[in-house]
Structure formats: structure tokens, C-alpha cells
Amino acid sequence: MSTLTIFDSVPAQASGETQVPAAASRPIPAVLGADLQVPVKGGRLVGYANLDYAASAPCLEPVSAAVAAALPAYSSVHRGAGYASQLTTARYEQARHTVRAFVGARPDDAVIFTRNTTDATNLLAGCLPAGTTTVVFDTEHHASLLPWRKSVRLAPPAFPGEAVRAADEALAGIEGPKLLVVTAASNVTGELWPIAALAHIAHRHGARILVDAAQLVPHRRLNLTALDLDYVAFSGHKLYAPFGAGVLIGRRDWLADGEPYLKGGGAVRSVEEEAEWHDDPEPRHEAGTPNVLGAIALAAACDALTATGWTALVREEERLLARLRSGLASIEGVRELSLWGDDHPRVGIVSFTVDGYSAREVAEALSSQYGIGVRDGKFCAHPFVRHLLGRSGHDREDAGCEDGTTSAVRASIGIGTTQEHVDRLVEALRDLVSR
């Protein structure tokens with residue numbers, strides 16, 4: 001287990017909160033698989049340098065322990081009279097309260113467990129009032145681009161203020177119900193978006209806002225109430241809880257009026273000639289036996305990060321991120337992708353290209369020769385990656401991409417990332433470009 005400790009405080013950068021020092025320091029929890037050995041060229045085994053956290057983060061030890069503790073009494077939820085069923089139901093509902101507290105949600109906000117962020121976004125899409133127009137930037141993950149019946153897509157903004165202006169103009173021209181959809185932290189560049197300002201603009205035009213927080217919540221504290229957000233979605237597998245759960249959190253009225261996401265047991269009060277659906281959006285949209293262990297795991301991850309304290313996590317990440325970006329910048333032919341420039345705040349995600357190599361060639365070489373795991377492709381954000389690569393003059397053919405256009409390499413860090421991992425990646429790339 002890591003021994004890094006630091007006095008806890010609440011970082012103001014992403015949450016909008018003031019810093020409040022805590023009374024004690026706590027160690028950063030360890031991840032499972034930190035000692036994983038992988039084969040490389042020549043048959044050697046090396047310690048795995050996992051730099052693919054943005055795709056799926058490893059499991060935290062406290063998360064694994066929480067699931068193991070729940071398994072002996074695992075049973076059905078909500079309708080069982082037996083002790084194990086009652087205990088499992090209590091754990092499941094406590095997970096809902098834990099997740100609500102983790103994001104600083106309002107007391108009356110619905111917390112609906114889903115499979116992942118994509119599932120949560122599609123659930124909300126099915127609950128929008130008739131005629132709702134969605135406003136979404138082309139910088140978004142496909143989960144935010146694709147589910148909407150009626151949408152206005154905005155070009156990638158050149159700077160944060162332009163994002164606010166573009167949203168303002170788009171929302172002003174829309175009649176009827178409207179929803180602004182935006183990421184909190186880009187899954188391509190890691191850059192933080194001005195979600196507080198965008199929420200203000202949305203509400204000024206009578207719109208609501210959905211924030212994709214999948215890439216933010218593993219790295220920064222989020223306070224839904226302080227930011228005045230209407231809906232937030234994120235995934236457990238990004239948050240060190242890879243047990244197949246995600247969550248949609250937000251205002252109840254649209255969710256209570258929307259068509260049940262799944263039709264079946266648990267979503268109904270009674271079934272006669274017609275079904276009488278629950279008015280409460282939580283059971284209404286959680287038909288069937290839910291992913292109880294996934295919810296418990298997600299809550300355990302929330303508890304573990306909260307107990308550690310965000311200052312310790314943020315400072316260690318920023319130290320490693322600065323080392324990684326500095327190392328990449330020192331290698332001729334390696335170019336980092338960015339929408340808003342080198343100095344814009346970001347989480348531990350860096351995408352880049354390497355002159356003379358396709359993204360797939362780089363990723364395969366890093367894995368087979370150096371024991372490093374990264375991501376290559378367009379990261380389920382095709383329009384955004386094309387935009388970034390077009391601007392940087394690297395719009396060339398790349399056999400590593402599904403549709404024959406350019407792709408990039410993404411390195412992402414988190415709990416469990418070490419300085420050796422970062423240095424190994426930098427030296428491996430330096431070695432590749434020197435060949």
C-alpha cells in the first residue's frame with residue numbers, strides 16, 4: 001500500500017468549494033494488480049505499467065474488500081423477508097445514500113443505478129419531455145453525442161469562454177424544453193470544462209444541464225448542489241469499482257414522468273389489465289434484480305476516495321502528470337493534443353501522436369517491448385479527435401483506426417501509477433523515435 005500521506009482539504013478547482021483542512025492524514029489506498037507481471041519481447045517478465053486508467057481503472061483494495069464482505073449474505077433485494085435479503089437490501093440502499101453524498105447531490109435528487117455512463121445517458125434521453133432539444137458539443141464522448149432524438153451540435157470551441165458563448169446563443173434560439181449536455185473533463189485531453197458557467201447559462205434560458213462526470217470523479221471532487229447541476233452521470237469502472245455499475249443522479253420530475261427504462265418486476269406497483277408504474281424514479285427505472293454488488297462496489301470506491309482526502313490524490317496526480325507532459329514535450333516528433341492550450345487545467349489524461357508511427361504501432365510496441373498499457377484510437381470521440389488532429393496537421397491515414405482516418409495514443413494515470421511508470425513511457429517513446 002502506498003505510504004504517501006498528506007493533510008486533507010477540499011480542492012476548489014473543480015468543485016467551486018473553499019478549502020477546508022481536515023484533522024488527520026490518511027494513506028492513499030492501493031489497487032489490485034499493482035504487482036502484475038507481463039511478458040515482453042525476449043520472454044522476460046516485467047512489472048506492468050498500467051497507463052490506461054481512462055478506459056477502466058483497476059479495483060481499489062477497499063472496494064474488493066467491501067464486495068467480499070457482502071458476498072456471504074448476498075441475496076435478493078426489496079421483496080425478501082429473510083435476514084440475508086433484508087441485509088442485502090439495506091446495503092444496496094445505503095450505497096444509494098453514499099453515492100448521493102459523494103457528489104453533493106440535493107436530498108431529493110434521484111439516484112438510479114445503471115450499467116455505466118452510456119446507460120445512464122440513454123436512460124435520461126428516454127425521459128426527456130416531448131419535443132426537447134439537446135445542445136451538445138462535438139467534443140463529447142459518443143455517449144453524450146448519440147442518444148438524443150433532437151439535437152443541436154456545436155463546433156469545438158477555441159477557448160472556454162467561447163464554449164459559454166456558443167451554448168448561450170444556441171439555447172437562446174430554441175423554443176420548448178431544452179437540455180445542455182457537456183463533459184466535466186475530456187476523455188481525450190483531460191481538460192476541465194467550465195461546467196458552473198455552462199449551468200448558469202442553461203438555467204438562464206430555462207434549460208437543464210447534464211454533466212458527464214465519468215472522467216472527473218476519479219480525479220476531483222464534484223459538488224452537484226454547489227455547481228447547480230441538474231443531472232450527473234458516471235461509471236464505476238472509471239472510479240476503481242469495475243463491477244458493472246454506473247449511476248444517474250438528478251432531478252426527479254423528468255425521471256418520474258418518463259417511460260420506465262426497463263419494464264418488469266420492481267418497476268410496477270401492480271399489474272391488472274394495465275401496469276401501474278412506480279412514481280418514484282428509482283424503482284421505476286431499476287426493474288428486475290439490480291446489480292447489487294456493483295452498487296456496493298461503487299459506494300465503497302466513493303467512501304475510499306472521500307476518506308483519503310482529495311488533496312493527497314490531486315497533488316500526487318498533478319506531480320506525475322507534470323512529469324509525463326514535460327517528458328513528452330522533450331521528445332522531438334511527439335505532439336500532445338490539446339483544445340485550449342498547455343496551461344489549461346486538466347486531469348491525468350494525455351493524448352499524443354508520434355511522427356512516423358500509427359497510433360496502433362506505438363501502442364503495440366509499448367506493450368510488447370516495454371510492458372506498458374496505453375490506449376490507441378479515437379476514444380469514442382471521433383469528431384473531437386479528428387478536429388484535434390486536423391488542427392495539428394496530422395490528418396494522415398492510419399491503419400489502426402476503424403474508419404481509416406487518423407487516431408492517437410492516450411496515456412492516463414491514477415491511483416497506482418508510479419513515477420517509474422511515467423519515466424518508462426517517456427524513455428520508451430524516446431527509444432522508438434530514435435530508431
# chains A, B, ... in the order shown; residues from 1 in each chain; ligands from 1

$ select_by_dssp --residues "range 28-153 of chain A" --states "helix (DSSP H, G or I)" --output "PyMOL selection string"
chain A and resi 61-73+83-102+117-125+142-145

$ closest_residue --among "A:Ala68, A:Ala167, A:Ala143, A:Ala381" --to "His200 in chain A" --atoms "only C-alpha atoms"
A:Ala167

$ select_by_dssp --residues "range 318-388 of chain A" --states "strand (DSSP E or B)" --output "JSON, numbers by chain"
{"A": [334, 335, 336, 346, 349, 350, 351, 352, 353, 354, 372, 373, 375, 376, 377]}

$ closest_residue --among "A:Glu169, A:Asp119, A:Glu364, A:Asp423" --to "Val152 in chain A" --atoms "only C-alpha atoms"
A:Glu169

$ residues_around --residues "Ser186 in chain A" --least-positions-apart "2" --cutoff "10 Å" --atoms "only C-alpha atoms" --output "MDAnalysis selection string"
chainID A and resid 54 139:141 182:184 188:193 212:216 339 346:347 349 381 384

$ write_last_selection --atoms "N, CA and C atoms" --output "CSV table (one decimal), in the first residue's frame"
chain,number,residue,atom,x,y,z
A,54,ALA,N,-8.1,5.8,-18.0
A,54,ALA,CA,-9.3,6.5,-18.5
A,54,ALA,C,-10.3,5.5,-19.2
A,139,THR,N,-17.2,17.9,-29.1
A,139,THR,CA,-16.0,17.5,-28.3
A,139,THR,C,-16.4,16.3,-27.4
A,140,GLU,N,-17.7,15.9,-27.4
A,140,GLU,CA,-18.2,15.0,-26.4
A,140,GLU,C,-17.9,13.5,-26.8
A,141,HIS,N,-17.9,12.7,-25.8
A,141,HIS,CA,-17.9,11.2,-25.9
A,141,HIS,C,-19.1,10.8,-26.7
A,182,VAL,N,-22.8,18.3,-21.5
A,182,VAL,CA,-21.4,18.7,-21.5
A,182,VAL,C,-20.6,17.8,-20.6
A,183,THR,N,-19.3,17.5,-21.0
A,183,THR,CA,-18.4,16.8,-20.1
A,183,THR,C,-17.8,17.7,-19.1
A,184,ALA,N,-17.4,17.1,-18.0
A,184,ALA,CA,-16.7,17.8,-16.9
A,184,ALA,C,-15.2,17.8,-17.2
A,188,VAL,N,-10.4,12.8,-23.9
A,188,VAL,CA,-9.4,12.8,-24.9
A,188,VAL,C,-8.2,13.6,-24.4
A,189,THR,N,-8.4,14.8,-23.9
A,189,THR,CA,-7.3,15.7,-23.5
A,189,THR,C,-7.2,15.8,-22.0
A,190,GLY,N,-8.2,15.4,-21.2
A,190,GLY,CA,-8.2,15.6,-19.8
A,190,GLY,C,-8.6,17.0,-19.4
A,191,GLU,N,-8.8,17.9,-20.3
A,191,GLU,CA,-9.1,19.3,-20.0
A,191,GLU,C,-10.4,19.5,-19.3
A,192,LEU,N,-10.4,20.4,-18.2
A,192,LEU,CA,-11.6,20.6,-17.5
A,192,LEU,C,-12.5,21.7,-18.2
A,193,TRP,N,-13.8,21.4,-18.2
A,193,TRP,CA,-14.8,22.3,-18.8
A,193,TRP,C,-15.4,23.2,-17.8
A,212,ASP,N,-21.5,14.9,-18.0
A,212,ASP,CA,-20.8,13.6,-18.0
A,212,ASP,C,-19.6,13.7,-17.1
A,213,ALA,N,-19.7,13.1,-15.9
A,213,ALA,CA,-18.6,13.2,-15.0
A,213,ALA,C,-17.7,12.0,-14.9
A,214,ALA,N,-17.8,11.1,-15.9
A,214,ALA,CA,-17.1,9.9,-15.9
A,214,ALA,C,-15.6,10.0,-15.7
A,215,GLN,N,-15.0,11.1,-16.3
A,215,GLN,CA,-13.6,11.3,-16.2
A,215,GLN,C,-13.2,12.3,-15.1
A,216,LEU,N,-14.2,12.9,-14.5
A,216,LEU,CA,-13.8,13.9,-13.5
A,216,LEU,C,-13.8,13.2,-12.1
A,339,LEU,N,-7.1,21.1,-26.7
A,339,LEU,CA,-8.1,22.0,-27.3
A,339,LEU,C,-7.8,23.5,-26.8
A,346,ARG,N,-6.3,20.4,-16.1
A,346,ARG,CA,-6.7,19.1,-16.7
A,346,ARG,C,-6.5,18.0,-15.6
A,347,VAL,N,-7.2,16.9,-15.9
A,347,VAL,CA,-6.9,15.7,-15.0
A,347,VAL,C,-5.9,14.8,-15.7
A,349,ILE,N,-4.9,12.8,-18.0
A,349,ILE,CA,-5.1,12.2,-19.3
A,349,ILE,C,-4.3,13.0,-20.3
A,381,ALA,N,-14.7,9.3,-29.4
A,381,ALA,CA,-15.0,10.7,-29.5
A,381,ALA,C,-14.4,11.1,-30.9
A,384,PHE,N,-14.2,14.8,-32.2
A,384,PHE,CA,-13.3,15.6,-31.5
A,384,PHE,C,-11.8,15.3,-31.9

$ closest_atom_pairs --of "range 264-358 of chain A" --to "range 92-104 of chain A" --cutoff "6 Å" --atoms "only C-alpha atoms" --output "CSV"
residue,atom,partner,partner_atom,distance
A:Val292,CA,A:Tyr92,CA,5.9
A:Ile296,CA,A:Ala95,CA,5.6
A:Ala299,CA,A:Ala95,CA,5.0

$ write_last_selection --atoms "all heavy atoms" --output "PDB file, in the first residue's frame"
ATOM      1  N   VAL A 292     -26.500  -5.555  -7.463  1.00  0.00           N
ATOM      2  CA  VAL A 292     -26.291  -5.191  -6.060  1.00  0.00           C
ATOM      3  C   VAL A 292     -24.804  -5.041  -5.754  1.00  0.00           C
ATOM      4  O   VAL A 292     -24.373  -4.062  -5.130  1.00  0.00           O
ATOM      5  CB  VAL A 292     -26.926  -6.254  -5.134  1.00  0.00           C
ATOM      6  CG1 VAL A 292     -26.616  -5.945  -3.678  1.00  0.00           C
ATOM      7  CG2 VAL A 292     -28.426  -6.310  -5.360  1.00  0.00           C
ATOM      8  N   ILE A 296     -22.699  -1.750  -4.431  1.00  0.00           N
ATOM      9  CA  ILE A 296     -21.878  -1.790  -3.212  1.00  0.00           C
ATOM     10  C   ILE A 296     -20.442  -1.399  -3.530  1.00  0.00           C
ATOM     11  O   ILE A 296     -19.794  -0.644  -2.787  1.00  0.00           O
ATOM     12  CB  ILE A 296     -21.957  -3.185  -2.571  1.00  0.00           C
ATOM     13  CG1 ILE A 296     -23.354  -3.419  -1.986  1.00  0.00           C
ATOM     14  CG2 ILE A 296     -20.882  -3.366  -1.510  1.00  0.00           C
ATOM     15  CD1 ILE A 296     -23.605  -4.844  -1.528  1.00  0.00           C
ATOM     16  N   ALA A 299     -20.183   2.389  -4.202  1.00  0.00           N
ATOM     17  CA  ALA A 299     -20.228   3.140  -2.942  1.00  0.00           C
ATOM     18  C   ALA A 299     -18.932   2.998  -2.167  1.00  0.00           C
ATOM     19  O   ALA A 299     -18.456   3.959  -1.547  1.00  0.00           O
ATOM     20  CB  ALA A 299     -21.408   2.659  -2.100  1.00  0.00           C
TER      21      ALA A 299
END

$ closest_residue --among "A:Ala166, A:Val362, A:Ala197, A:Ala301" --to "Pro218 in chain A" --atoms "only C-alpha atoms"
A:Ala301
